[in-house]
Amino acid sequence: MTNASPETSKKSWKMRLWRGDSKGGQFQEYDSPVLEGEVLLDVVHAIQASQATDIAVRWNCKAGKCGSCSAEINGKPSLMCMTRMDNFDPGVPITVAPLKTFPIVKDLVTDVSFNYEVAKRVPHLKIADPGPDGVRRMYQQDVNRIQEFRKCIECFLCQDVCHVIRDHEDNKKYFAGPRFFLRYAEMSMHPLNTEDVRSKAREEGGISLCNITKCCTEVCPESIHITDNAIIPMKERVVDRHFDPVAWLGRKISRKPYSQLPKS
Amino acid sequence: MSSFETHEYDVIVIGAGGAGLRAAIESVALGSKTAVITKSLLGKAHTVMAEGGIAAAMGNVYPEDNWEVHFRDTMRGGKMLNNWRMAQLHAQETPDRVWELEEWGAVFDRTGDGKISQRDFGGHRYARLAHVGDRTGLEMIRTLQQKAVADGIEVFMECSILKLLTNDDGSVCGALGYHRVSGEYVVFKAKAVVLATGGLGRSWKVTSNSWECTGDGHALAIWAGAELIDMEFIQFHPTGMVWPLSVKGLLVTEGVRGDGGTLRNSDGTRFMFNYVPEMFRAETADTEEEADRWYTDKKGARRTPDLLPRDEVARAINSEVKAGRGSPHGGVFLDIFSRRDPEYIKRRLPSMYHQFKQLAGVDITREAMEIGPTCHYAMGGVRVDPDTAESTVKGLFACGEVAGGMHGSNRLGGNSLGDLLVFGRRAGIGASQYASSCKEPSPQEGEIKSIVAEADKILTSTSGENPFDVLHSLQDTMNELVGIIRVERELVEAKDALAKLSDRARNLSAPGNKGYNTGWHHALDLRCQLTVAQCVTLAALERKESRGGHTRDDFPGPDKDHFGKVNLACSMASGEISVTETPLPEMPAELARLFEEAK
């Protein structure tokens, strides 16, 4: 096996953790020993257990599956539980800050309720009835691409890094963000979904505001190709729908809002 | 009523994992005003960690599968201590619950003809786990979460419950909790309460469980007068990561073995062939050739011993390590790299590939994993009526891991997710129906005052102990003395140690303010953890036999004539926990026949 010996190194690391609340705060420095194979969340926990029991930090699974422990580590939005300490130079202090795009609650915990509010506005899919034999059939090659989107662990790192809302608070009213464009894309590409969400992706999700900088894809811990596989195809679908002259004429004649139009 | 923030509902559901969300969806569908209360954010519950799949006899891969076969597998896996009615309902209803998830948006892996694919797992006669790669739990929770949001269910996120509130007749009528973010207390008045709080593994040092699994529901229930059964049975999952220390205990899905992986010791021997118990000998392969052939030929070959029920495999690994045939970091080897090609491994086990690569620097397509047992699941829990999920206290319901009985002394892999769905739904119905006919809730003010005073004291105390120190002592105690292999002397030692820890836990201090104060949160969770650890230890002392997730070195075999016929029930009176034997519900003849024919 390639694993190293069970002996553990006892180097001491300098950690700069942001401490404070919505009224303000600053980075505070802690020295902490780091054992071999540890991740950054271990070190934050060690500081919490021995030096500052009131440090606020969210975590659940510590395995990169629940998406709770998002933070900006040396400026890069990452999961603390999947950031190995041996990636860092021991001599240089590591800076851990809360996500910038969301209001601070305390220390490393932010108020991510924006995302839960957006989730309430995303339409819910309507799956077609089973076939005559009582079975809903879908083929693996047809679900592969939406299964990629459903790997999303809702860490909201893509939301955090997206310029549209990171730098423009006002846009939050009009913009659902990359995580939710995955939802629209998934519904649009689901082989059995009967609900057309293209107009809603534009009107309610604000997908047109995305300018495809791919920052979301870069930070995704699940390596979902958010921009290439979800946002761009979804934008094309929205555009097809919105600027298709036949559909445009149809809308004029029927005078129905987009959402009531049948799926074409 | 008290001056705290107060909400009123017909039904409150405590816990937002698979069981809690499924219960809430049903309760709302029946017209009850319902809220879900969760310690975490929505969608982060421990259900996301479930990997392998949902066992359901849909017969998509093996048409000969049916609920009776699944029922029989479940009972035998639980060493016949399961509540037969729960095992029956579970086996009968899981296929519908899986199809329902598909209707709500879950996208399972498919068979060649477009149906839901099903994979092999330990103890299941046929390939029957509906799955999405090795992230089935995530798919399930996301589907239920989105359904709950679409149905407009109210969710209180990051809210912990401290105590259930009762009417003066002892029936449950709500709960007192606090918002983790602000530290402010909150009162929920409710006609019915559903506990769906999950497990309790966090009281062991090596565990696959997250911080949430502190046995809150188990403790809330016994404090409110309910009975807990089968608390001695703790499942140690055979395959947890052992290295690096940072991830020790983290789960490695049974799907690795289901998809062809095998266990080896340091000599390279597939040792499971030496550990096939009498009960499973007739249906287990005795040569490597037959075991390997079984993956593709279910009729002509018998199953590999790598896929014996989890209790058997965990004990076997423990024995190999003790005999000096372990891996460098105190586990054994799990080898899929020499048996399946890299593309297959990455497609079937993407999370495992990712997890080992990123956290251990191990490429599972090129080298073996090192694994060892990890505290994973509590078979025991609140005694419930199988059909309605009602506990022995009026107004209190329980479903999922916090409920006891379904899995007997050992749970089969894949039977947890189905349990959440089947009994989540039933608890939703049970609670909703109860709420429509019971009286208005009228919590007793005194209950609220005393618990608030106790909780506040931790914040203001300047002389108390650090809660993390007590927590770590508890985890060491349970790991060392109430682990996989138990013996009377150590259990007595654990009982004394827990009494001392309880004394220490009465004098804790968590400096800082109330807002998101992690030390304070841990201090409050410890109350639950200690109660539950005591139940496990006392029940383990009482059961003088070995069965499923309870192995006694001093009583190595099962005791068919006595302990095979009783559940141990824990209850609390004046702060003291007592354990009593209660007869196992008797299986009707038409089900009992399934076990006779097999002989």
# chains A, B, ... in the order shown; residues from 1 in each chain; ligands from 1
call {"tool": "select_by_dssp", "arguments": {"residues": "stretch 37-148 of chain A", "states": "helix (DSSP H, G or I)", "output": "NGL selection string"}}
result
:A and (40-50 or 80-82 or 85-87 or 113-121 or 140-148)
call {"tool": "write_last_selection", "arguments": {"atoms": "N, CA and C atoms", "output": "mmCIF file, in the first residue's frame"}}
result
data_model
loop_
_atom_site.group_PDB
_atom_site.id
_atom_site.type_symbol
_atom_site.label_atom_id
_atom_site.label_comp_id
_atom_site.auth_asym_id
_atom_site.auth_seq_id
_atom_site.Cartn_x
_atom_site.Cartn_y
_atom_site.Cartn_z
ATOM 1 N N LEU A 40 -8.685 20.879 6.497
ATOM 2 C CA LEU A 40 -8.786 22.158 7.190
ATOM 3 C C LEU A 40 -9.879 22.160 8.258
ATOM 4 N N LEU A 41 -10.972 21.445 7.986
ATOM 5 C CA LEU A 41 -12.047 21.406 8.979
ATOM 6 C C LEU A 41 -11.572 20.763 10.292
ATOM 7 N N ASP A 42 -10.686 19.769 10.209
ATOM 8 C CA ASP A 42 -10.126 19.166 11.426
ATOM 9 C C ASP A 42 -9.417 20.226 12.267
ATOM 10 N N VAL A 43 -8.685 21.092 11.583
ATOM 11 C CA VAL A 43 -7.896 22.091 12.305
ATOM 12 C C VAL A 43 -8.821 23.124 12.952
ATOM 13 N N VAL A 44 -9.853 23.530 12.227
ATOM 14 C CA VAL A 44 -10.826 24.458 12.819
ATOM 15 C C VAL A 44 -11.491 23.799 14.030
ATOM 16 N N HIS A 45 -11.823 22.524 13.902
ATOM 17 C CA HIS A 45 -12.436 21.811 15.037
ATOM 18 C C HIS A 45 -11.477 21.719 16.225
ATOM 19 N N ALA A 46 -10.205 21.486 15.934
ATOM 20 C CA ALA A 46 -9.235 21.387 17.029
ATOM 21 C C ALA A 46 -9.134 22.719 17.770
ATOM 22 N N ILE A 47 -9.141 23.805 17.037
ATOM 23 C CA ILE A 47 -9.093 25.126 17.668
ATOM 24 C C ILE A 47 -10.364 25.344 18.489
ATOM 25 N N GLN A 48 -11.475 24.930 17.907
ATOM 26 C CA GLN A 48 -12.758 25.073 18.591
ATOM 27 C C GLN A 48 -12.782 24.278 19.907
ATOM 28 N N ALA A 49 -12.259 23.068 19.878
ATOM 29 C CA ALA A 49 -12.338 22.210 21.065
ATOM 30 C C ALA A 49 -11.407 22.684 22.173
ATOM 31 N N SER A 50 -10.279 23.310 21.807
ATOM 32 C CA SER A 50 -9.297 23.606 22.853
ATOM 33 C C SER A 50 -9.076 25.092 23.110
ATOM 34 N N MET A 80 -14.314 23.126 3.479
ATOM 35 C CA MET A 80 -13.252 22.936 4.462
ATOM 36 C C MET A 80 -12.911 21.459 4.642
ATOM 37 N N CYS A 81 -13.925 20.599 4.470
ATOM 38 C CA CYS A 81 -13.700 19.173 4.734
ATOM 39 C C CYS A 81 -12.943 18.489 3.606
ATOM 40 N N MET A 82 -12.847 19.129 2.465
ATOM 41 C CA MET A 82 -12.139 18.489 1.354
ATOM 42 C C MET A 82 -10.832 19.213 1.034
ATOM 43 N N MET A 85 -4.639 19.691 4.402
ATOM 44 C CA MET A 85 -3.636 20.614 4.927
ATOM 45 C C MET A 85 -2.292 20.464 4.221
ATOM 46 N N ASP A 86 -2.019 19.273 3.689
ATOM 47 C CA ASP A 86 -0.713 19.124 3.036
ATOM 48 C C ASP A 86 -0.651 19.818 1.676
ATOM 49 N N ASN A 87 -1.755 20.479 1.292
ATOM 50 C CA ASN A 87 -1.701 21.326 0.096
ATOM 51 C C ASN A 87 -1.039 22.666 0.380
ATOM 52 N N SER A 113 -29.977 31.966 3.407
ATOM 53 C CA SER A 113 -31.423 31.820 3.158
ATOM 54 C C SER A 113 -31.824 32.295 1.763
ATOM 55 N N PHE A 114 -31.010 33.182 1.154
ATOM 56 C CA PHE A 114 -31.277 33.583 -0.235
ATOM 57 C C PHE A 114 -31.542 32.343 -1.091
ATOM 58 N N ASN A 115 -30.690 31.344 -0.942
ATOM 59 C CA ASN A 115 -30.801 30.136 -1.764
ATOM 60 C C ASN A 115 -32.090 29.363 -1.492
ATOM 61 N N TYR A 116 -32.492 29.352 -0.238
ATOM 62 C CA TYR A 116 -33.727 28.630 0.102
ATOM 63 C C TYR A 116 -34.955 29.390 -0.398
ATOM 64 N N GLU A 117 -34.826 30.718 -0.462
ATOM 65 C CA GLU A 117 -35.942 31.508 -1.011
ATOM 66 C C GLU A 117 -36.052 31.281 -2.516
ATOM 67 N N VAL A 118 -34.911 31.289 -3.201
ATOM 68 C CA VAL A 118 -34.937 31.030 -4.646
ATOM 69 C C VAL A 118 -35.542 29.643 -4.911
ATOM 70 N N ALA A 119 -35.138 28.672 -4.094
ATOM 71 C CA ALA A 119 -35.626 27.296 -4.301
ATOM 72 C C ALA A 119 -37.151 27.236 -4.296
ATOM 73 N N LYS A 120 -37.759 28.116 -3.497
ATOM 74 C CA LYS A 120 -39.229 28.111 -3.427
ATOM 75 C C LYS A 120 -39.847 28.598 -4.740
ATOM 76 N N ARG A 121 -39.081 29.403 -5.496
ATOM 77 C CA ARG A 121 -39.635 29.957 -6.734
ATOM 78 C C ARG A 121 -39.363 29.075 -7.955
ATOM 79 N N GLN A 140 -30.611 4.835 -19.650
ATOM 80 C CA GLN A 140 -29.441 5.395 -18.974
ATOM 81 C C GLN A 140 -28.797 6.517 -19.801
ATOM 82 N N GLN A 141 -28.672 6.293 -21.111
ATOM 83 C CA GLN A 141 -27.993 7.317 -21.916
ATOM 84 C C GLN A 141 -28.788 8.625 -21.933
ATOM 85 N N ASP A 142 -30.096 8.534 -21.649
ATOM 86 C CA ASP A 142 -30.917 9.747 -21.636
ATOM 87 C C ASP A 142 -30.913 10.456 -20.282
ATOM 88 N N VAL A 143 -30.518 9.739 -19.248
ATOM 89 C CA VAL A 143 -30.524 10.395 -17.929
ATOM 90 C C VAL A 143 -29.115 10.758 -17.447
ATOM 91 N N ASN A 144 -28.105 10.299 -18.159
ATOM 92 C CA ASN A 144 -26.735 10.603 -17.729
ATOM 93 C C ASN A 144 -26.525 12.094 -17.477
ATOM 94 N N ARG A 145 -26.998 12.914 -18.423
ATOM 95 C CA ARG A 145 -26.671 14.337 -18.269
ATOM 96 C C ARG A 145 -27.416 14.986 -17.114
ATOM 97 N N ILE A 146 -28.660 14.555 -16.831
ATOM 98 C CA ILE A 146 -29.312 15.187 -15.672
ATOM 99 C C ILE A 146 -28.811 14.580 -14.364
ATOM 100 N N GLN A 147 -28.337 13.351 -14.430
ATOM 101 C CA GLN A 147 -27.732 12.795 -13.205
ATOM 102 C C GLN A 147 -26.496 13.599 -12.810
ATOM 103 N N GLU A 148 -25.790 14.126 -13.800
ATOM 104 C CA GLU A 148 -24.644 14.981 -13.478
ATOM 105 C C GLU A 148 -25.116 16.192 -12.652
#
call {"tool": "interface_residues", "arguments": {"of": "chain A", "to": "chain B", "cutoff": "6 Å", "atoms": "only C-alpha atoms", "output": "PyMOL selection string"}}
result
chain A and resi 37-38+49+53-54+56+60-61+66+127+137-140
call {"tool": "atom_distance", "arguments": {"atom1": "atom CA of A:Val92", "atom2": "atom CA of A:Leu108"}}
result
20.4 Å
call {"tool": "closest_residue", "arguments": {"among": "B:Phe397, B:Phe233, B:Phe280, B:Phe423", "to": "B:Glu545", "atoms": "only C-alpha atoms"}}
result
B:Phe233
call {"tool": "select_by_dssp", "arguments": {"residues": "stretch 56-108 of chain A", "states": "strand (DSSP E)", "output": "number ranges by chain"}}
result
A: 70-73, 76-79, 94-97, 104-106
call {"tool": "atom_distance", "arguments": {"atom1": "atom CA of B:Val532", "atom2": "atom CA of A:Ile55"}}
result
26.8 Å
call {"tool": "residues_around", "arguments": {"residues": "A:Lys172", "least_positions_apart": "5", "cutoff": "12 Å", "atoms": "only C-alpha atoms", "output": "PyMOL selection string"}}
result
chain A and resi 101-102+113-115+117-118+159-160+162-167+177+204-206+209
call {"tool": "closest_residue", "arguments": {"among": "B:Leu228, B:Val242, B:Leu21, B:Ala285", "to": "B:Gly215", "atoms": "only C-alpha atoms"}}
result
B:Leu228
